[in-house]
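Report on the following structure.
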Amino acid sequence: MSALIRSMPLLAALLALVLFPQFGSEYYVGLLTRIIIIALFALSLDLLIGYTGLVSFGHAAFYGIGGYALAIAFQDASVIPLWQALPLSLAAAAFAALVIGWISIRTSGIYFIMITLAMAQMFFYFFFESPRYGGDDGIFLFLKPVLMVGSEDILKLDQENNFYYFALSCLVSSYLLLVMILRAPFGKVIKAIKANEHRVRALGYSTSGYKLVSFVIAGTLAGLAGFLEGAHSGYVNPSYMSWHESGVCIAMVILGGMGTLYGPIVGAFIIVLLQNFLPELTEHWQLLLGGIVIAVVLFLPRGATSLYPRICDLIRRSRRGEREPQETADD
Amino acid sequence: MSEKNRQGITRRDFIVQGTVATAGLAAASILVPAPFAIGAQAKVKVGILLPYTGTYAKLGTNIRNAMMMRFAEAGNMLGGRPIEFVDIDSEAKPAKAQQLTEKLIKRENVDFLVGPVHSVVGMAMVKMARGAGPITVIPNAGADQLTGVLCAPNVFRTSFSSYQMGYPGGPAMIEDGHKRVVLMYWNYGFGKQVAAAFKKSFVPAGGTIVKEIPTPFPKVDFQAYLTELAALKPDAVYTFYAGGGAVKFVKDFAAAGLKDSIKLYGAGFLTEGLGAAQGDAAEGVRTILHYADSLENPVNQRFRTAFKAATGSDADVYAVQGYDAGELILHGMNAVKGDTGARAEMIRAMETAEIDSPRGKLRFSASHNPIHDIYLREVVKGENRVVRVAAKAQDDPATGCSM
Amino acid sequence: MELSFYLVQLLNAVQYGFLLFLVASGLTLLFGIMGIINLAHGSFYMVGAYLAYWLTDLTGSFWLAILLGLPIALMVGYLVERFAISFLYQRDHLYQVLLTFALILVFNELQQILWGTDVHGVVIPEILAGSIPLTDNQSYPIYRLFISAACIAIACGMYWVIQKTRLGMMIRAGASNREMVQALGIDVNRLFAFVFSLGVALAAFAGMLAAPVDSVYPGMGENVLIISFVVVVIGGTGSIKGTFVGAMLIGLVSTFGKVLLPEMASIMVYALMAVILLWRPHGLFGRAA
């Protein structure tokens, strides 16, 4: 199958996303903005779980730090200049990722899962119980960031459509950035680390350095998502950092298909839309959500997006009159 | 098994048992007899954002059921128009509050917004709804800000502010003869506000706070704190705990043998609706609240019987607040005869409403917070009995409200 | 504060440690020895507490409730293992995290459907209802002593089974090399199903024992979930001794943290875990895989 056909749905999806605000109502544009932000969050985690083999269970910490950096620095400001706020959020998230990563990557396997969880819990409780940063009430922001050129704000993020495009461009540029990183030698090394860390180390690479860099990149992108969420909703609170958020983020990555960059985005769409519409079917909607997630884990281990190439294959084979090969054991 | 599985017979039963509105009401429109399908009258949309899962599930269910019961008593008509409910589970999760409120306001275009239980969810919700949003009635969330900094003409509260929960406690304890008091509370927004309001009245009245012991929320390991409390030997302890934490605290307190030497007081949630779970441990515990099961007014008696008949469970303060939320909306809609466009007029009718609530007389302050009597209650034989009125017509200072 | 104050706090710390071990015991078996990450551990704890409440209400006896509740818990564990967990042994930990995360949602809803949303309490059985005076105004409930005794019994029992019996040997061998054990003619599937059920039953048992001193309410399991993981990880997986030490350490740090550094109380246990893993990346008694 040609690369073009493979990437067709991706381009079609992007086109649909770009055109959406022309047709969707304000509510749906807002909902989609939120999904795009969460997709970016899931995408950043995929760099760790899907490519580097680091299962972080504390990724929500960076998401929260990105939002909190914005809120703490600008809660009383009369204007929020984007060129100050955004770098600040990214730097805060990157710094936190550097520290947490430096501590965490010394461990591996289940210990890594647990130490990242512990770190995120520390941040959660710090913000939850600290009276200086709003405690569990969180912090409200009544303004949107502005990007002034001359005397005019060229972004006008207070309009839902503009924020939508801003978030979408953040997602697309992060996606492209990750594509570049993964194609570069650095990307090859981290993928090799996931496959077999011992061998990579034996080849003379300092694997922990590569893992740390990967961790910081992922943390920074999660911080970007947190910044967007804080700016979009105008409200940050400690639940951004709760282990539930980290858990749901993992769910999105796997549900969509980890180890592909589009998978987590699809996963974010699936989870947020399910959370949004299942409650309209039944009061016990979490039972359904849980059931769907379990079914995916058991029967679609490579995620929802793994269906597409399968279907493509199926069509091609049926055209040629071949039969589908027996599905081999899970990878 | 929950009451929802019972086969309802009366209309009221049926309405109250309606589960999530979209499912319940789709069925209702088929089953409810003809008089309800009045002509081409557009339906009034009432959006409900309450928790039906997690720790606060019981509170959310009681509020909703009582409110729907009030509407059913009025023939399920608001100012002559039939009602459509859009009922959403808030899960008491602050992270989702904004998204869900947006859904009710922007997608469903509700005329009224009722909710929530959780204060932080309330802040996110009110921030969106205030001003141009739907008429909002808060049936529980107690954060002072909701009718303080965040107050708005279209935002009402039928429950309480944290201030009203804490402030009347001070004089009540002084009057009971307790001057050296330890403060213990869950260390989160609402707990801190209640404690602060308590201090504000207790210290000027001549009381001494021996020590403040904030405990992590929502943790329930109280043993280390109880030992500290025992060593401090105060006359009494004033607490804020709710739900599972309240049950655990009251039981641990009794099990540590502290009941004989230290008198236990608290904001009303400490014992509200928890009698069966706390058992003997709660006997003699005194709490302060704007409601008591045993209030002897005819409205309360009638309300309790009706609620029990409709839902199979006993009414509590949350149900009362839900019932009054229903009453307030009815009042507003009847005043404008169902014309939701007459917004200013409806708001005026609502803010001047004087409601005969099961809790007693209920009025609203300039910031749309309730003004009501606060009772000092004591648990006797598993029941919260009124000892005396602790504060008559307790108001809230509405700090930061400009309206 | 005088010495007696700190002595009573020490007692509280040890007691809390026992309670933590009790709660974490099922997790040690599944997570520590079999290497399964079971986020639904708290849900099983909740199931136990609700079973204790429901069956005590039904039969009028707490002991009878435990007797009837344990087989139910074993059965729940067996079903969960057969229909979900058993497909994941060969896969990455990630899938276990996600599947058991989904199980939390499922169990929360089932709890609500079966038992509603009320807060419940379980009355302490009569013979354990008294208390012993400690200081001039504080006393110590006998039931807590009973919990401590139960905890020690479970710890010793588990240690003995895992380290000294043939069954324990098979479990340990099966966890470290499944194919090898299979090749030796042991039915690993049945073995794992059995051990998983046992782990679930232990979690439920902890919930049952804790029910009279705690309260029974929706979502109660999440309060014990994360702390249980912390206990097992600090101790080092694969070691019952480690879990025990971990529980005691957390009990001490958490209790004295509350007294001496109250603002930091919640953060302290996680900080302790981070420090220990920095110092020993496989926990106190864990061995490198």
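Convention: chains lettered A, B, ... in structure tokens order; per-chain residue numbering from 1; ligands numbered from 1 as shown.
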For this session: Up to 9 Å from chain C, what residues of chain B turn up? Count only C-alpha atoms and give them as a PyMOL selection string.
Result: chain B and resi 1-3+52-59+61+213-216+218-221+223-228+230-231+233+243-249+251-252+255-258+260-262+273-274+276-279
Writing out the chosen residues with N, CA and C atoms as a compact mmCIF listing (two decimals), in the first residue's frame:
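So selection_35.txt came out as:
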# COMPACT_ATOMS: atom_id res chain seq x y z
N MET B 1 -30.55 -3.16 47.26
CA MET B 1 -31.10 -2.74 45.97
C MET B 1 -31.63 -1.32 46.07
N SER B 2 -31.47 -0.57 45.07
CA SER B 2 -31.92 0.81 45.16
C SER B 2 -33.41 0.89 44.90
N GLU B 3 -33.96 2.03 45.33
CA GLU B 3 -35.40 2.19 45.22
C GLU B 3 -35.84 2.24 43.76
N TYR B 52 -23.97 11.77 40.80
CA TYR B 52 -24.70 10.53 41.03
C TYR B 52 -23.76 9.34 41.18
N THR B 53 -22.47 9.61 41.09
CA THR B 53 -21.49 8.55 41.35
C THR B 53 -20.48 9.10 42.34
N GLY B 54 -19.79 8.19 43.05
CA GLY B 54 -18.76 8.62 43.98
C GLY B 54 -19.32 9.00 45.34
N THR B 55 -18.45 9.62 46.15
CA THR B 55 -18.76 9.88 47.55
C THR B 55 -20.02 10.72 47.74
N TYR B 56 -20.28 11.65 46.83
CA TYR B 56 -21.40 12.56 47.01
C TYR B 56 -22.68 12.08 46.34
N ALA B 57 -22.68 10.83 45.86
CA ALA B 57 -23.80 10.34 45.06
C ALA B 57 -25.14 10.47 45.80
N LYS B 58 -25.13 10.13 47.09
CA LYS B 58 -26.36 10.16 47.86
C LYS B 58 -26.93 11.58 47.93
N LEU B 59 -26.04 12.55 48.10
CA LEU B 59 -26.46 13.94 48.19
C LEU B 59 -27.14 14.38 46.90
N THR B 61 -28.48 12.52 44.58
CA THR B 61 -29.75 11.83 44.34
C THR B 61 -30.86 12.45 45.17
N ILE B 213 -6.33 22.03 64.33
CA ILE B 213 -5.75 20.83 63.74
C ILE B 213 -6.43 20.54 62.40
N PRO B 214 -5.87 21.09 61.31
CA PRO B 214 -6.41 20.72 60.00
C PRO B 214 -5.93 19.33 59.62
N THR B 215 -6.81 18.47 59.14
CA THR B 215 -6.38 17.12 58.75
C THR B 215 -6.57 16.96 57.25
N PRO B 216 -5.70 16.15 56.62
CA PRO B 216 -5.74 16.05 55.15
C PRO B 216 -7.09 15.55 54.64
N PRO B 218 -9.27 13.89 51.51
CA PRO B 218 -10.40 13.35 52.27
C PRO B 218 -9.99 12.14 53.12
N LYS B 219 -8.82 12.22 53.74
CA LYS B 219 -8.29 11.06 54.46
C LYS B 219 -9.07 10.85 55.76
N VAL B 220 -9.08 9.62 56.21
CA VAL B 220 -9.88 9.30 57.39
C VAL B 220 -9.05 8.62 58.49
N ASP B 221 -7.74 8.80 58.48
CA ASP B 221 -6.92 8.23 59.55
C ASP B 221 -6.76 9.29 60.63
N GLN B 223 -6.36 8.76 64.02
CA GLN B 223 -5.84 8.31 65.31
C GLN B 223 -4.78 9.25 65.90
N ALA B 224 -3.80 9.62 65.08
CA ALA B 224 -2.72 10.48 65.59
C ALA B 224 -3.28 11.82 66.08
N TYR B 225 -4.27 12.34 65.37
CA TYR B 225 -4.85 13.62 65.74
C TYR B 225 -5.66 13.51 67.03
N LEU B 226 -6.32 12.36 67.19
CA LEU B 226 -7.13 12.17 68.39
C LEU B 226 -6.25 12.09 69.63
N THR B 227 -5.09 11.47 69.49
CA THR B 227 -4.16 11.41 70.61
C THR B 227 -3.69 12.82 70.98
N GLU B 228 -3.44 13.61 69.95
CA GLU B 228 -3.05 15.00 70.19
C GLU B 228 -4.18 15.75 70.90
N ALA B 230 -6.48 14.50 72.79
CA ALA B 230 -6.58 14.02 74.18
C ALA B 230 -5.55 14.71 75.05
N ALA B 231 -4.34 14.88 74.51
CA ALA B 231 -3.27 15.48 75.30
C ALA B 231 -3.53 16.97 75.56
N LYS B 233 -6.41 18.32 76.14
CA LYS B 233 -7.45 18.42 77.16
C LYS B 233 -8.30 19.70 77.07
N GLY B 243 -19.91 12.98 55.45
CA GLY B 243 -19.99 11.68 54.77
C GLY B 243 -19.21 10.59 55.49
N GLY B 244 -18.44 9.82 54.72
CA GLY B 244 -17.68 8.71 55.28
C GLY B 244 -16.71 9.17 56.35
N GLY B 245 -16.09 10.33 56.15
CA GLY B 245 -15.16 10.87 57.13
C GLY B 245 -15.84 11.18 58.45
N ALA B 246 -17.08 11.68 58.38
CA ALA B 246 -17.82 12.01 59.59
C ALA B 246 -18.15 10.74 60.39
N VAL B 247 -18.55 9.70 59.67
CA VAL B 247 -18.85 8.44 60.35
C VAL B 247 -17.60 7.93 61.07
N LYS B 248 -16.48 7.93 60.34
CA LYS B 248 -15.24 7.43 60.90
C LYS B 248 -14.81 8.28 62.10
N PHE B 249 -14.91 9.59 61.95
CA PHE B 249 -14.45 10.47 63.03
C PHE B 249 -15.26 10.25 64.30
N LYS B 251 -16.98 7.70 65.20
CA LYS B 251 -16.72 6.38 65.78
C LYS B 251 -15.35 6.33 66.46
N ASP B 252 -14.34 6.87 65.79
CA ASP B 252 -12.99 6.87 66.37
C ASP B 252 -12.95 7.68 67.66
N ALA B 255 -14.52 5.61 70.29
CA ALA B 255 -13.71 4.44 70.62
C ALA B 255 -12.47 4.83 71.41
N ALA B 256 -11.97 6.05 71.21
CA ALA B 256 -10.79 6.49 71.95
C ALA B 256 -11.16 6.92 73.37
N GLY B 257 -12.43 6.80 73.69
CA GLY B 257 -12.87 7.11 75.06
C GLY B 257 -12.91 8.59 75.37
N LEU B 258 -12.93 9.43 74.32
CA LEU B 258 -12.85 10.87 74.55
C LEU B 258 -14.20 11.50 74.86
N ASP B 260 -16.25 11.16 77.22
CA ASP B 260 -16.54 11.54 78.61
C ASP B 260 -15.87 12.85 79.00
N SER B 261 -14.68 13.09 78.44
CA SER B 261 -13.94 14.26 78.91
C SER B 261 -13.99 15.45 77.96
N ILE B 262 -14.25 15.21 76.67
CA ILE B 262 -14.28 16.30 75.70
C ILE B 262 -15.60 16.26 74.96
N GLY B 273 -27.93 12.62 58.45
CA GLY B 273 -28.23 11.46 57.63
C GLY B 273 -27.31 10.27 57.86
N LEU B 274 -26.57 10.29 58.96
CA LEU B 274 -25.58 9.23 59.19
C LEU B 274 -25.91 8.39 60.43
N ALA B 276 -27.72 5.80 61.18
CA ALA B 276 -27.62 4.35 61.14
C ALA B 276 -26.17 3.90 61.12
N ALA B 277 -25.32 4.63 60.40
CA ALA B 277 -23.93 4.23 60.27
C ALA B 277 -23.13 4.50 61.54
N GLN B 278 -23.49 5.54 62.27
CA GLN B 278 -22.70 5.92 63.44
C GLN B 278 -23.15 5.20 64.71
N GLY B 279 -24.42 4.87 64.78
CA GLY B 279 -24.94 4.14 65.94
C GLY B 279 -24.74 4.90 67.24
Give me, as JSON lines, the closest atom pair and its distance (Å, one decimal) for every residue of region 165-262 of chain A within a cut-off of 9 Å of region 65-88 of chain A, counting only C-alpha atoms, rows sorted by chain and rising number.
{"residue": "A:Thr220", "atom": "CA", "partner": "A:Gly66", "partner_atom": "CA", "distance": 8.1}
{"residue": "A:Ala222", "atom": "CA", "partner": "A:Gly66", "partner_atom": "CA", "distance": 7.4}
{"residue": "A:Gly223", "atom": "CA", "partner": "A:Gly66", "partner_atom": "CA", "distance": 4.0}
{"residue": "A:Leu224", "atom": "CA", "partner": "A:Gly66", "partner_atom": "CA", "distance": 6.1}
{"residue": "A:Ala225", "atom": "CA", "partner": "A:Gly66", "partner_atom": "CA", "distance": 7.3}
{"residue": "A:Gly226", "atom": "CA", "partner": "A:Gly67", "partner_atom": "CA", "distance": 4.5}
{"residue": "A:Phe227", "atom": "CA", "partner": "A:Gly67", "partner_atom": "CA", "distance": 4.4}
{"residue": "A:Leu228", "atom": "CA", "partner": "A:Gly67", "partner_atom": "CA", "distance": 7.4}
{"residue": "A:Glu229", "atom": "CA", "partner": "A:Gly67", "partner_atom": "CA", "distance": 6.8}
{"residue": "A:Gly230", "atom": "CA", "partner": "A:Gly67", "partner_atom": "CA", "distance": 4.8}
{"residue": "A:Ala231", "atom": "CA", "partner": "A:Gly67", "partner_atom": "CA", "distance": 7.6}
{"residue": "A:Gly234", "atom": "CA", "partner": "A:Ala71", "partner_atom": "CA", "distance": 8.4}
{"residue": "A:Tyr235", "atom": "CA", "partner": "A:Ala71", "partner_atom": "CA", "distance": 7.8}
{"residue": "A:Val236", "atom": "CA", "partner": "A:Gly67", "partner_atom": "CA", "distance": 6.2}
{"residue": "A:Asn237", "atom": "CA", "partner": "A:Tyr68", "partner_atom": "CA", "distance": 7.9}
{"residue": "A:Pro238", "atom": "CA", "partner": "A:Tyr68", "partner_atom": "CA", "distance": 8.8}
{"residue": "A:Tyr240", "atom": "CA", "partner": "A:Gly67", "partner_atom": "CA", "distance": 8.4}
{"residue": "A:Met241", "atom": "CA", "partner": "A:Ile65", "partner_atom": "CA", "distance": 8.1}
Restricting it to C-alpha atoms, dump the selection as a compact mmCIF listing (two decimals), in the first residue's frame.
# COMPACT_ATOMS: atom_id res chain seq x y z
CA THR A 220 7.23 20.00 28.03
CA ALA A 222 2.25 18.02 28.33
CA GLY A 223 2.96 21.43 29.85
CA LEU A 224 1.90 23.02 26.57
CA ALA A 225 -1.38 21.09 26.77
CA GLY A 226 -1.83 22.24 30.37
CA PHE A 227 -1.14 25.82 29.37
CA LEU A 228 -3.78 25.60 26.66
CA GLU A 229 -6.32 24.03 28.99
CA GLY A 230 -5.69 26.67 31.65
CA ALA A 231 -5.98 29.47 29.13
CA GLY A 234 -9.69 30.09 32.60
CA TYR A 235 -9.47 27.80 35.57
CA VAL A 236 -6.84 25.51 37.03
CA ASN A 237 -7.19 23.29 40.07
CA PRO A 238 -5.25 20.40 41.57
CA TYR A 240 -5.42 18.48 36.75
CA MET A 241 -2.65 16.50 38.43
For this session: Using only C-alpha atoms, find which residues of chain A lie within 6 Å of chain C and jot them down as number ranges by chain.
Result: A: 107, 118, 122, 251, 286-287, 290, 294
Write out, as a compact mmCIF listing (two decimals), in the first residue's frame, the residues just selected, with N, CA and C atoms.
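As written to disk, result-v2.txt reads:
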# COMPACT_ATOMS: atom_id res chain seq x y z
N THR A 107 15.15 4.02 37.98
CA THR A 107 14.41 2.79 38.20
C THR A 107 13.86 2.32 36.87
N ALA A 118 4.28 8.52 42.37
CA ALA A 118 4.57 9.17 43.65
C ALA A 118 4.92 10.64 43.46
N MET A 122 2.95 13.97 44.87
CA MET A 122 3.55 15.03 45.68
C MET A 122 3.14 16.40 45.14
N ALA A 251 -5.05 5.53 29.15
CA ALA A 251 -6.17 4.88 28.46
C ALA A 251 -6.30 5.41 27.03
N GLN A 286 -20.61 4.66 33.55
CA GLN A 286 -19.22 4.27 33.79
C GLN A 286 -19.04 2.77 33.61
N LEU A 287 -20.12 2.05 33.82
CA LEU A 287 -20.09 0.61 33.58
C LEU A 287 -19.81 0.34 32.11
N GLY A 290 -16.20 1.46 31.25
CA GLY A 290 -15.28 0.43 31.73
C GLY A 290 -15.31 -0.79 30.82
N ILE A 294 -12.21 -2.34 28.67
CA ILE A 294 -11.78 -3.73 28.86
C ILE A 294 -11.80 -4.49 27.54
Contacts of Leu295 (chain B) at 8 Å (only C-alpha atoms; same-chain gap of 5+ positions) as a JSON list (two decimals) with C-alpha atoms, in the first residue's frame:
[["chain", "number", "residue", "atom", "x", "y", "z"],
["B", 300, "ASN", "CA", -41.59, 19.62, 57.42],
["B", 301, "GLN", "CA", -43.93, 16.87, 58.59],
["B", 358, "PRO", "CA", -39.29, 22.41, 55.80],
["B", 359, "ARG", "CA", -36.42, 24.18, 57.59],
["B", 385, "ARG", "CA", -33.11, 16.80, 67.94],
["B", 386, "VAL", "CA", -33.30, 20.56, 68.21]]
Problem set entry | Exercise answer, chain B residues close to chain A, 10 Å and only C-alpha atoms, as a VMD selection string | chain B and resid 19 to 24 52 to 53 86 to 89 93 to 96 98 to 100 102 to 108 119 to 124 127 to 128 143 187 to 190 192 216 to 217
Got time to write the residues from that selection, N, CA and C atoms, as a tab-separated table (two decimals), in the first residue's frame?
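Below you can see result38.tsv, which holds the result:
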chain	number	residue	atom	x	y	z
B	19	THR	N	-34.76	7.99	36.07
B	19	THR	CA	-33.32	7.98	36.28
B	19	THR	C	-32.73	9.15	35.53
B	20	VAL	N	-31.74	8.94	34.73
B	20	VAL	CA	-31.20	10.07	33.99
B	20	VAL	C	-32.30	10.61	33.09
B	21	ALA	N	-32.44	11.92	33.10
B	21	ALA	CA	-33.64	12.52	32.53
B	21	ALA	C	-33.90	12.12	31.10
B	22	THR	N	-32.86	12.06	30.31
B	22	THR	CA	-33.11	11.76	28.91
B	22	THR	C	-33.83	10.44	28.77
B	23	ALA	N	-33.40	9.43	29.54
B	23	ALA	CA	-34.06	8.14	29.47
B	23	ALA	C	-35.42	8.24	30.16
B	24	GLY	N	-35.39	8.76	31.39
B	24	GLY	CA	-36.61	8.81	32.19
B	24	GLY	C	-37.70	9.62	31.53
B	52	TYR	N	-23.97	11.77	40.80
B	52	TYR	CA	-24.70	10.53	41.03
B	52	TYR	C	-23.76	9.34	41.18
B	53	THR	N	-22.47	9.61	41.09
B	53	THR	CA	-21.49	8.55	41.35
B	53	THR	C	-20.48	9.10	42.34
B	86	VAL	N	-32.76	18.10	31.81
B	86	VAL	CA	-31.52	17.58	31.25
B	86	VAL	C	-30.61	17.33	32.45
B	87	ASP	N	-30.41	16.06	32.73
B	87	ASP	CA	-29.81	15.68	34.00
B	87	ASP	C	-28.41	15.11	33.73
B	88	ILE	N	-27.41	15.72	34.34
B	88	ILE	CA	-26.03	15.29	34.06
B	88	ILE	C	-25.32	14.92	35.36
B	89	ASP	N	-24.60	13.82	35.32
B	89	ASP	CA	-23.80	13.39	36.46
B	89	ASP	C	-22.51	14.22	36.51
B	93	LYS	N	-16.44	16.06	40.07
B	93	LYS	CA	-15.06	16.22	39.60
B	93	LYS	C	-14.85	17.63	39.07
B	94	PRO	N	-14.05	18.43	39.76
B	94	PRO	CA	-13.81	19.80	39.31
B	94	PRO	C	-13.28	19.85	37.88
B	95	ALA	N	-12.47	18.85	37.52
B	95	ALA	CA	-11.85	18.89	36.20
B	95	ALA	C	-12.88	18.85	35.09
B	96	LYS	N	-14.06	18.25	35.35
B	96	LYS	CA	-15.05	18.12	34.29
B	96	LYS	C	-16.13	19.18	34.36
B	98	GLN	N	-16.44	22.39	34.01
B	98	GLN	CA	-16.60	23.38	32.98
B	98	GLN	C	-17.23	22.81	31.72
B	99	GLN	N	-16.70	21.66	31.35
B	99	GLN	CA	-17.18	20.98	30.16
B	99	GLN	C	-18.67	20.66	30.27
B	100	LEU	N	-19.07	20.17	31.45
B	100	LEU	CA	-20.46	19.76	31.62
B	100	LEU	C	-21.39	20.97	31.70
B	102	GLU	N	-20.85	23.77	30.27
B	102	GLU	CA	-20.91	24.28	28.90
B	102	GLU	C	-21.96	23.52	28.10
B	103	LYS	N	-21.98	22.21	28.33
B	103	LYS	CA	-22.94	21.37	27.62
B	103	LYS	C	-24.37	21.82	27.93
B	104	LEU	N	-24.64	22.09	29.22
B	104	LEU	CA	-25.99	22.50	29.60
B	104	LEU	C	-26.34	23.87	29.05
B	105	ILE	N	-25.37	24.77	29.11
B	105	ILE	CA	-25.67	26.14	28.71
B	105	ILE	C	-25.69	26.30	27.20
B	106	LYS	N	-24.62	25.82	26.57
B	106	LYS	CA	-24.48	26.12	25.14
B	106	LYS	C	-25.20	25.13	24.25
B	107	ARG	N	-25.13	23.83	24.61
B	107	ARG	CA	-25.76	22.88	23.72
B	107	ARG	C	-27.25	22.74	24.01
B	108	GLU	N	-27.57	22.60	25.30
B	108	GLU	CA	-28.96	22.35	25.66
B	108	GLU	C	-29.76	23.63	25.81
B	119	SER	N	-18.26	22.27	46.14
B	119	SER	CA	-17.98	23.71	46.05
B	119	SER	C	-17.11	24.08	44.85
B	120	VAL	N	-16.09	23.28	44.58
B	120	VAL	CA	-15.17	23.64	43.51
B	120	VAL	C	-15.85	23.49	42.16
B	121	VAL	N	-16.68	22.45	42.03
B	121	VAL	CA	-17.49	22.32	40.82
B	121	VAL	C	-18.39	23.56	40.71
B	122	GLY	N	-18.91	23.99	41.86
B	122	GLY	CA	-19.78	25.16	41.89
B	122	GLY	C	-19.09	26.41	41.37
B	123	MET	N	-17.83	26.57	41.74
B	123	MET	CA	-17.12	27.78	41.30
B	123	MET	C	-16.94	27.78	39.80
B	124	ALA	N	-16.55	26.62	39.24
B	124	ALA	CA	-16.39	26.56	37.79
B	124	ALA	C	-17.73	26.79	37.10
B	127	LYS	N	-18.95	30.48	37.52
B	127	LYS	CA	-18.13	31.39	36.71
B	127	LYS	C	-18.66	31.47	35.28
B	128	MET	N	-19.13	30.32	34.76
B	128	MET	CA	-19.66	30.32	33.40
B	128	MET	C	-21.07	30.88	33.32
B	143	ALA	N	-19.27	27.15	49.20
B	143	ALA	CA	-18.16	28.10	49.17
B	143	ALA	C	-18.68	29.53	49.27
B	187	ASN	N	-8.80	19.76	55.76
B	187	ASN	CA	-8.02	20.87	55.25
B	187	ASN	C	-8.26	21.08	53.75
B	188	TYR	N	-9.43	21.61	53.43
B	188	TYR	CA	-9.71	22.00	52.04
B	188	TYR	C	-10.60	23.22	52.09
B	189	GLY	N	-10.87	23.79	50.91
B	189	GLY	CA	-11.52	25.09	50.86
B	189	GLY	C	-12.68	25.25	51.83
B	190	PHE	N	-13.67	24.36	51.72
B	190	PHE	CA	-14.87	24.51	52.52
B	190	PHE	C	-14.58	24.36	54.01
B	192	LYS	N	-11.86	24.95	55.60
B	192	LYS	CA	-11.11	26.11	56.09
B	192	LYS	C	-12.03	27.31	56.29
B	216	PRO	N	-5.70	16.15	56.62
B	216	PRO	CA	-5.74	16.05	55.15
B	216	PRO	C	-7.09	15.55	54.64
B	217	PHE	N	-7.56	16.19	53.60
B	217	PHE	CA	-8.82	15.82	52.96
B	217	PHE	C	-8.52	14.93	51.77
Exercise. Closest to Val194 (chain B) among B:Ala152, B:Ala342, B:Ala267, B:Ile83, using only C-alpha atoms?
Worked result: B:Ala267
For this session: Could you tell me, as number ranges by chain, which residues of region 49-224 of chain C DSSP assigns to alpha helix (DSSP H) when given the backbone?
Result: C: 49-59, 62-83, 93-115, 142-164, 166-176, 178-183, 188-210, 221-224
Exercise. Any idea what's packed within 12 Å of Ala344 (chain B), counting only C-alpha atoms, ignoring anything in its chain fewer than 2 positions away? Could you give it as JSON, numbers by chain?
Worked result: {"B": [131, 132, 135, 153, 154, 332, 333, 335, 336, 339, 340, 341, 342, 346, 347, 348, 349, 350, 351]}
Since we have the selection now, will you write its residues out, keeping C-alpha atoms, as a short mmCIF file (atom, residue, chain, number, x, y, z; two decimals), in the first residue's frame?
data_model
loop_
_atom_site.label_atom_id
_atom_site.label_comp_id
_atom_site.auth_asym_id
_atom_site.auth_seq_id
_atom_site.Cartn_x
_atom_site.Cartn_y
_atom_site.Cartn_z
CA GLY B 131 -24.28 37.20 34.00
CA ALA B 132 -25.82 36.14 30.74
CA ILE B 135 -30.98 31.36 36.08
CA PRO B 153 -28.22 38.64 39.65
CA ASN B 154 -29.00 35.30 38.02
CA GLY B 332 -40.10 32.70 39.78
CA MET B 333 -41.85 31.02 36.86
CA ALA B 335 -44.60 35.21 38.87
CA VAL B 336 -43.93 35.70 35.17
CA ASP B 339 -42.43 33.83 30.30
CA THR B 340 -38.71 33.12 30.63
CA GLY B 341 -38.03 36.25 28.59
CA ALA B 342 -39.13 38.41 31.51
CA MET B 346 -38.47 36.76 37.43
CA ILE B 347 -35.24 37.54 39.29
CA ARG B 348 -37.05 40.19 41.30
CA ALA B 349 -39.76 37.69 42.23
CA MET B 350 -37.17 35.12 43.24
CA GLU B 351 -35.07 37.43 45.38
#
Exercise. Interatomic distance between CA of Asp373 (chain B) and CA of Lys392 (chain B)?
Worked result: 4.7 Å
Exercise. Quick one: DSSP strand (DSSP E) residues in region 14-262 of chain C, as a PyMOL selection string?
Worked result: chain C and resi 131-133+139-141
I'd like the contact shell of Ala172 (chain B) - 8 Å cut-off, only C-alpha atoms, skipping same-chain residues fewer than 4 positions apart - returned as a PDB file with N, CA and C atoms, in the first residue's frame.
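out25.pdb, written as the output of this step:
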ATOM      1  N   PRO B 168     -22.368  30.630  63.521  1.00  0.00           N
ATOM      2  CA  PRO B 168     -23.259  30.467  64.679  1.00  0.00           C
ATOM      3  C   PRO B 168     -22.711  29.499  65.724  1.00  0.00           C
ATOM      4  N   ASP B 176     -23.072  27.108  75.885  1.00  0.00           N
ATOM      5  CA  ASP B 176     -23.040  25.792  76.530  1.00  0.00           C
ATOM      6  C   ASP B 176     -21.929  25.693  77.576  1.00  0.00           C
ATOM      7  N   LEU B 376     -29.212  24.539  66.965  1.00  0.00           N
ATOM      8  CA  LEU B 376     -28.261  23.684  67.668  1.00  0.00           C
ATOM      9  C   LEU B 376     -28.983  22.372  67.926  1.00  0.00           C
ATOM     10  N   ALA B 390     -29.905  28.464  67.475  1.00  0.00           N
ATOM     11  CA  ALA B 390     -28.587  29.020  67.788  1.00  0.00           C
ATOM     12  C   ALA B 390     -28.451  30.427  67.231  1.00  0.00           C
TER      13      ALA B 390
END
